[in-house]
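As provided, protein.pdb (PDB, C-alpha atoms, pLDDT in the B column) reads as follows.
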```
ATOM      1  CA  MET A1086      56.980 284.808 220.745  1.00 83.00           C
ATOM      2  CA  ASP A1087      53.264 284.653 220.111  1.00 91.00           C
ATOM      3  CA  ILE A1088      50.734 281.842 219.833  1.00 93.00           C
ATOM      4  CA  SER A1089      51.351 281.436 216.090  1.00 93.00           C
ATOM      5  CA  ASP A1090      55.041 280.797 216.703  1.00 93.00           C
ATOM      6  CA  VAL A1091      54.191 278.078 219.211  1.00 94.00           C
ATOM      7  CA  MET A1092      51.667 276.526 216.786  1.00 95.00           C
ATOM      8  CA  ARG A1093      54.298 276.317 214.053  1.00 95.00           C
ATOM      9  CA  ASP A1094      56.384 274.103 216.344  1.00 93.00           C
ATOM     10  CA  ALA A1095      53.484 271.958 217.611  1.00 94.00           C
ATOM     11  CA  ASN A1096      54.236 268.254 217.297  1.00 94.00           C
ATOM     12  CA  SER A1097      50.642 266.991 217.431  1.00 94.00           C
ATOM     13  CA  GLU A1098      47.083 267.894 216.522  1.00 95.00           C
ATOM     14  CA  TYR A1099      46.251 267.900 220.215  1.00 96.00           C
ATOM     15  CA  VAL A1100      48.711 270.745 220.861  1.00 96.00           C
ATOM     16  CA  VAL A1101      47.382 272.787 217.910  1.00 97.00           C
ATOM     17  CA  PHE A1102      43.772 272.382 219.055  1.00 97.00           C
ATOM     18  CA  PHE A1103      44.748 273.133 222.662  1.00 96.00           C
ATOM     19  CA  LEU A1104      46.404 276.401 221.591  1.00 96.00           C
ATOM     20  CA  LEU A1105      43.516 277.316 219.291  1.00 96.00           C
ATOM     21  CA  THR A1106      41.032 276.662 222.098  1.00 95.00           C
ATOM     22  CA  ALA A1107      43.043 278.899 224.450  1.00 94.00           C
ATOM     23  CA  TYR A1108      43.064 281.621 221.797  1.00 95.00           C
ATOM     24  CA  ILE A1109      39.289 281.346 221.309  1.00 94.00           C
ATOM     25  CA  ASP A1110      38.750 281.546 225.084  1.00 92.00           C
ATOM     26  CA  ALA A1111      40.683 284.822 225.144  1.00 90.00           C
ATOM     27  CA  LEU A1112      38.938 286.108 222.015  1.00 88.00           C
ATOM     28  CA  ARG A1113      35.481 285.627 223.515  1.00 85.00           C
ATOM     29  CA  PHE A1114      36.052 288.489 225.965  1.00 84.00           C
ATOM     30  CA  CYS A1115      36.006 291.148 223.238  1.00 80.00           C
ATOM     31  CA  ASP A1116      32.648 289.857 221.925  1.00 82.00           C
ATOM     32  CA  CYS A1117      33.398 291.185 218.420  1.00 81.00           C
ATOM     33  CA  LEU A1118      32.930 287.977 216.462  1.00 88.00           C
ATOM     34  CA  PRO A1119      29.840 285.841 215.867  1.00 90.00           C
ATOM     35  CA  ALA A1120      29.374 282.774 218.067  1.00 90.00           C
ATOM     36  CA  ARG A1121      29.711 280.486 215.021  1.00 92.00           C
ATOM     37  CA  LEU A1122      33.378 281.496 214.874  1.00 93.00           C
ATOM     38  CA  THR A1123      34.109 281.350 218.603  1.00 92.00           C
ATOM     39  CA  SER A1124      32.087 278.328 219.680  1.00 92.00           C
ATOM     40  CA  LEU A1125      33.863 275.366 221.208  1.00 92.00           C
ATOM     41  CA  PRO A1126      34.874 272.593 220.807  1.00 93.00           C
ATOM     42  CA  PHE A1127      36.559 272.301 217.437  1.00 94.00           C
ATOM     43  CA  THR A1128      35.454 269.264 215.465  1.00 94.00           C
ATOM     44  CA  GLY A1129      38.542 268.900 213.298  1.00 94.00           C
ATOM     45  CA  ILE A1130      40.533 270.412 210.491  1.00 96.00           C
ATOM     46  CA  CYS A1131      37.417 271.035 208.381  1.00 96.00           C
ATOM     47  CA  ASP A1132      35.943 273.072 211.230  1.00 96.00           C
ATOM     48  CA  VAL A1133      39.099 275.220 211.349  1.00 97.00           C
ATOM     49  CA  ALA A1134      38.937 275.733 207.559  1.00 97.00           C
ATOM     50  CA  THR A1135      35.260 276.711 207.750  1.00 96.00           C
ATOM     51  CA  ARG A1136      35.994 279.233 210.486  1.00 96.00           C
ATOM     52  CA  CYS A1137      38.846 280.695 208.409  1.00 97.00           C
ATOM     53  CA  GLN A1138      36.399 281.292 205.586  1.00 97.00           C
ATOM     54  CA  GLY A1139      33.960 282.828 208.057  1.00 96.00           C
ATOM     55  CA  LEU A1140      36.676 285.181 209.281  1.00 96.00           C
ATOM     56  CA  VAL A1141      37.321 286.329 205.717  1.00 97.00           C
ATOM     57  CA  VAL A1142      33.609 287.150 205.350  1.00 96.00           C
ATOM     58  CA  GLU A1143      33.662 289.041 208.660  1.00 96.00           C
ATOM     59  CA  LEU A1144      36.785 290.967 207.603  1.00 96.00           C
ATOM     60  CA  ASP A1145      35.084 292.000 204.374  1.00 96.00           C
ATOM     61  CA  SER A1146      32.051 293.193 206.301  1.00 95.00           C
ATOM     62  CA  ALA A1147      34.096 295.099 208.890  1.00 95.00           C
ATOM     63  CA  SER A1148      36.242 296.749 206.239  1.00 96.00           C
ATOM     64  CA  ARG A1149      33.152 297.910 204.341  1.00 96.00           C
ATOM     65  CA  LYS A1150      31.912 299.505 207.584  1.00 95.00           C
ATOM     66  CA  LEU A1151      35.353 301.099 208.112  1.00 95.00           C
ATOM     67  CA  ASP A1152      35.531 299.421 211.527  1.00 93.00           C
ATOM     68  CA  ASP A1153      39.308 299.510 211.994  1.00 94.00           C
ATOM     69  CA  LYS A1154      39.289 298.034 215.512  1.00 93.00           C
ATOM     70  CA  THR A1155      37.376 294.951 214.392  1.00 92.00           C
ATOM     71  CA  CYS A1156      39.496 294.634 211.230  1.00 95.00           C
ATOM     72  CA  VAL A1157      42.670 294.448 213.315  1.00 95.00           C
ATOM     73  CA  LEU A1158      41.143 291.808 215.575  1.00 94.00           C
ATOM     74  CA  ILE A1159      39.932 289.717 212.621  1.00 95.00           C
ATOM     75  CA  LYS A1160      43.287 289.960 210.831  1.00 96.00           C
ATOM     76  CA  GLU A1161      45.001 288.651 213.956  1.00 96.00           C
ATOM     77  CA  ALA A1162      42.447 285.830 214.230  1.00 96.00           C
ATOM     78  CA  LEU A1163      42.975 284.971 210.553  1.00 96.00           C
ATOM     79  CA  HIS A1164      46.713 284.772 211.158  1.00 97.00           C
ATOM     80  CA  VAL A1165      46.247 282.427 214.125  1.00 97.00           C
ATOM     81  CA  PHE A1166      43.635 280.251 212.397  1.00 97.00           C
ATOM     82  CA  GLY A1167      45.640 280.155 209.179  1.00 97.00           C
ATOM     83  CA  THR A1168      48.733 279.062 211.063  1.00 97.00           C
ATOM     84  CA  ALA A1169      46.728 276.363 212.847  1.00 97.00           C
ATOM     85  CA  LEU A1170      45.211 275.157 209.581  1.00 97.00           C
ATOM     86  CA  HIS A1171      48.603 275.001 207.890  1.00 96.00           C
ATOM     87  CA  ARG A1172      50.172 273.140 210.822  1.00 96.00           C
ATOM     88  CA  LEU A1173      47.286 270.662 210.952  1.00 96.00           C
ATOM     89  CA  ALA A1174      47.651 270.027 207.206  1.00 95.00           C
ATOM     90  CA  LEU A1175      51.369 269.363 207.647  1.00 95.00           C
ATOM     91  CA  LEU A1176      50.743 267.031 210.589  1.00 94.00           C
ATOM     92  CA  HIS A1177      48.104 265.164 208.572  1.00 92.00           C
ATOM     93  CA  ALA A1178      50.492 264.827 205.646  1.00 91.00           C
ATOM     94  CA  ALA A1179      53.221 263.488 207.923  1.00 89.00           C
ATOM     95  CA  THR A1180      50.909 260.816 209.317  1.00 85.00           C
ATOM     96  CA  GLY A1181      49.331 259.954 205.973  1.00 81.00           C
ATOM     97  CA  LYS A1182      45.845 261.165 206.949  1.00 75.00           C
ATOM     98  CA  ALA A1183      43.564 262.634 204.326  1.00 65.00           C
ATOM     99  CA  THR A1184      43.448 266.403 204.645  1.00 58.00           C
ATOM    100  CA  LEU A1185      40.417 268.459 203.676  1.00 57.00           C
ATOM    101  CA  GLY A1186      38.929 265.680 201.620  1.00 55.00           C
ATOM    102  CA  MET A1187      35.588 265.525 199.924  1.00 46.00           C
ATOM    103  CA  ASP A1188      33.757 265.225 203.248  1.00 53.00           C
ATOM    104  CA  CYS A1189      34.901 268.723 204.148  1.00 65.00           C
ATOM    105  CA  PRO A1190      32.513 271.457 202.986  1.00 53.00           C
ATOM    106  CA  THR A1191      35.442 273.826 202.426  1.00 50.00           C
ATOM    107  CA  ALA A1192      37.551 271.344 200.503  1.00 50.00           C
ATOM    108  CA  SER A1193      40.459 272.991 198.770  1.00 49.00           C
ATOM    109  CA  PRO A1194      44.083 271.930 198.600  1.00 45.00           C
ATOM    110  CA  PRO A1195      46.131 273.274 201.512  1.00 44.00           C
ATOM    111  CA  LEU A1196      49.109 275.506 200.940  1.00 44.00           C
ATOM    112  CA  ILE A1197      52.504 273.998 201.580  1.00 40.00           C
ATOM    113  CA  ALA A1198      55.524 276.252 201.878  1.00 40.00           C
ATOM    114  CA  GLN A1199      58.197 275.601 199.279  1.00 38.00           C
ATOM    115  CA  SER A1200      60.354 278.556 200.286  1.00 34.00           C
ATOM    116  CA  PRO A1201      59.711 281.822 202.117  1.00 38.00           C
ATOM    117  CA  GLY A1202      57.069 283.818 200.307  1.00 39.00           C
ATOM    118  CA  ARG A1203      56.348 281.073 197.771  1.00 37.00           C
ATOM    119  CA  PHE A1204      53.463 278.678 198.160  1.00 39.00           C
ATOM    120  CA  VAL A1205      52.247 275.946 195.983  1.00 39.00           C
ATOM    121  CA  SER A1206      48.988 274.042 196.152  1.00 39.00           C
ATOM    122  CA  ARG A1207      49.336 270.350 196.826  1.00 41.00           C
ATOM    123  CA  SER A1208      46.558 267.781 197.012  1.00 38.00           C
ATOM    124  CA  PHE A1209      46.616 265.240 199.842  1.00 34.00           C
ATOM    125  CA  TRP A1210      43.658 263.082 198.921  1.00 32.00           C
TER     126      TRP A1210
END
```
Translate the structure described by the file into structure tokens.
Amino acid sequence: MDISDVMRDANSEYVVFFLLTAYIDALRFCDCLPARLTSLPFTGICDVATRCQGLVVELDSASRKLDDKTCVLIKEALHVFGTALHRLALLHAATGKATLGMDCPTASPPLIAQSPGRFVSRSFW
């Protein structure tokens, strides 16, 4: 069981952010990612979404440089951040909170699983 598995079962935003903070603390030791992606604290779901987009940019850059070690690290981070973002969106939907609304600079509808391997975009605002 890894951190993503635990995040999928998290029953509150607090638990998701706690796990994501622990992951970032561990990630800081490799010093492979820019501080904008590993700075603490998290300010909310929009912050997590922004960092996901930043990780995609970093993955593109690392892959162009053929830096396999960094690519593996970023892919893992994308998996963890993506899982956290998805879980936060589900928790927001369950509590009726707006998710990634217009105040979020990375506003886009979150992905909600319909069945394994199939995702559909659903708007929560």
Taking the file as shown, find all residues satisfying the PyMOL selection byres ((chain A and resi 1119-1130) around 9) and write them as a ChimeraX atom specification.
-> /A:1102,1105-1106,1109-1110,1112-1113,1116-1118,1131-1137,1139-1140,1143,1169-1170,1173-1174,1184-1185,1189
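With all atoms listed in the file as the basis for measurement, A:Arg1093 is the residue among A:Lys1182, A:Arg1093, A:His1177, A:Arg1149 that approaches His1164 (chain A) most closely.
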Compare A:Tyr1099, A:Asp1087, A:Asp1094, A:Val1141 by their minimum atom-to-atom distance to Gly1167 (chain A), counting all atoms listed in the file, and give me the closest one.
->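 Counting all atoms listed in the file, the residue closest to Gly1167 (chain A) is A:Val1141.
CA of Thr1168 (chain A) to CA of Ser1089 (chain A) spans 6.1 Å [interatomic distance, one decimal].
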Using all atoms listed in the file: which of A:Met1086, A:Ile1159, A:Met1092, A:Val1100 has the shortest distance to Cys1115 (chain A) =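 Closest to Cys1115 (chain A) of all the choices is A:Ile1159.
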Atomic separation - CA of Asp1090 (chain A) relative to CA of Val1165 (chain A), Å |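 CA of Val1165 (chain A) sits 9.3 Å away from CA of Asp1090 (chain A).
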Rounded to one decimal place, report the CA of Ala1111 (chain A)-CA of Lys1150 (chain A) distance in Å.
->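 Rounded to one decimal, the two atoms are 24.5 Å apart.
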Between A:Tyr1108, A:Gly1181, A:Ser1148, A:Phe1114, which is the closest to Ala1162 (chain A) once you count all atoms listed in the file?
->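 Ranking A:Tyr1108, A:Gly1181, A:Ser1148, A:Phe1114 by distance to Ala1162 (chain A), first place goes to A:Tyr1108.
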Could you give me, as a list in words, the residues that have an atom at most 7 Å away from the point (49.4, 279.4, 224.5) in the coordinates of the file, using only C-alpha atoms?
->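 Result, sorted by chain then residue number: Ile1088, Leu1104 and Ala1107 of chain A.
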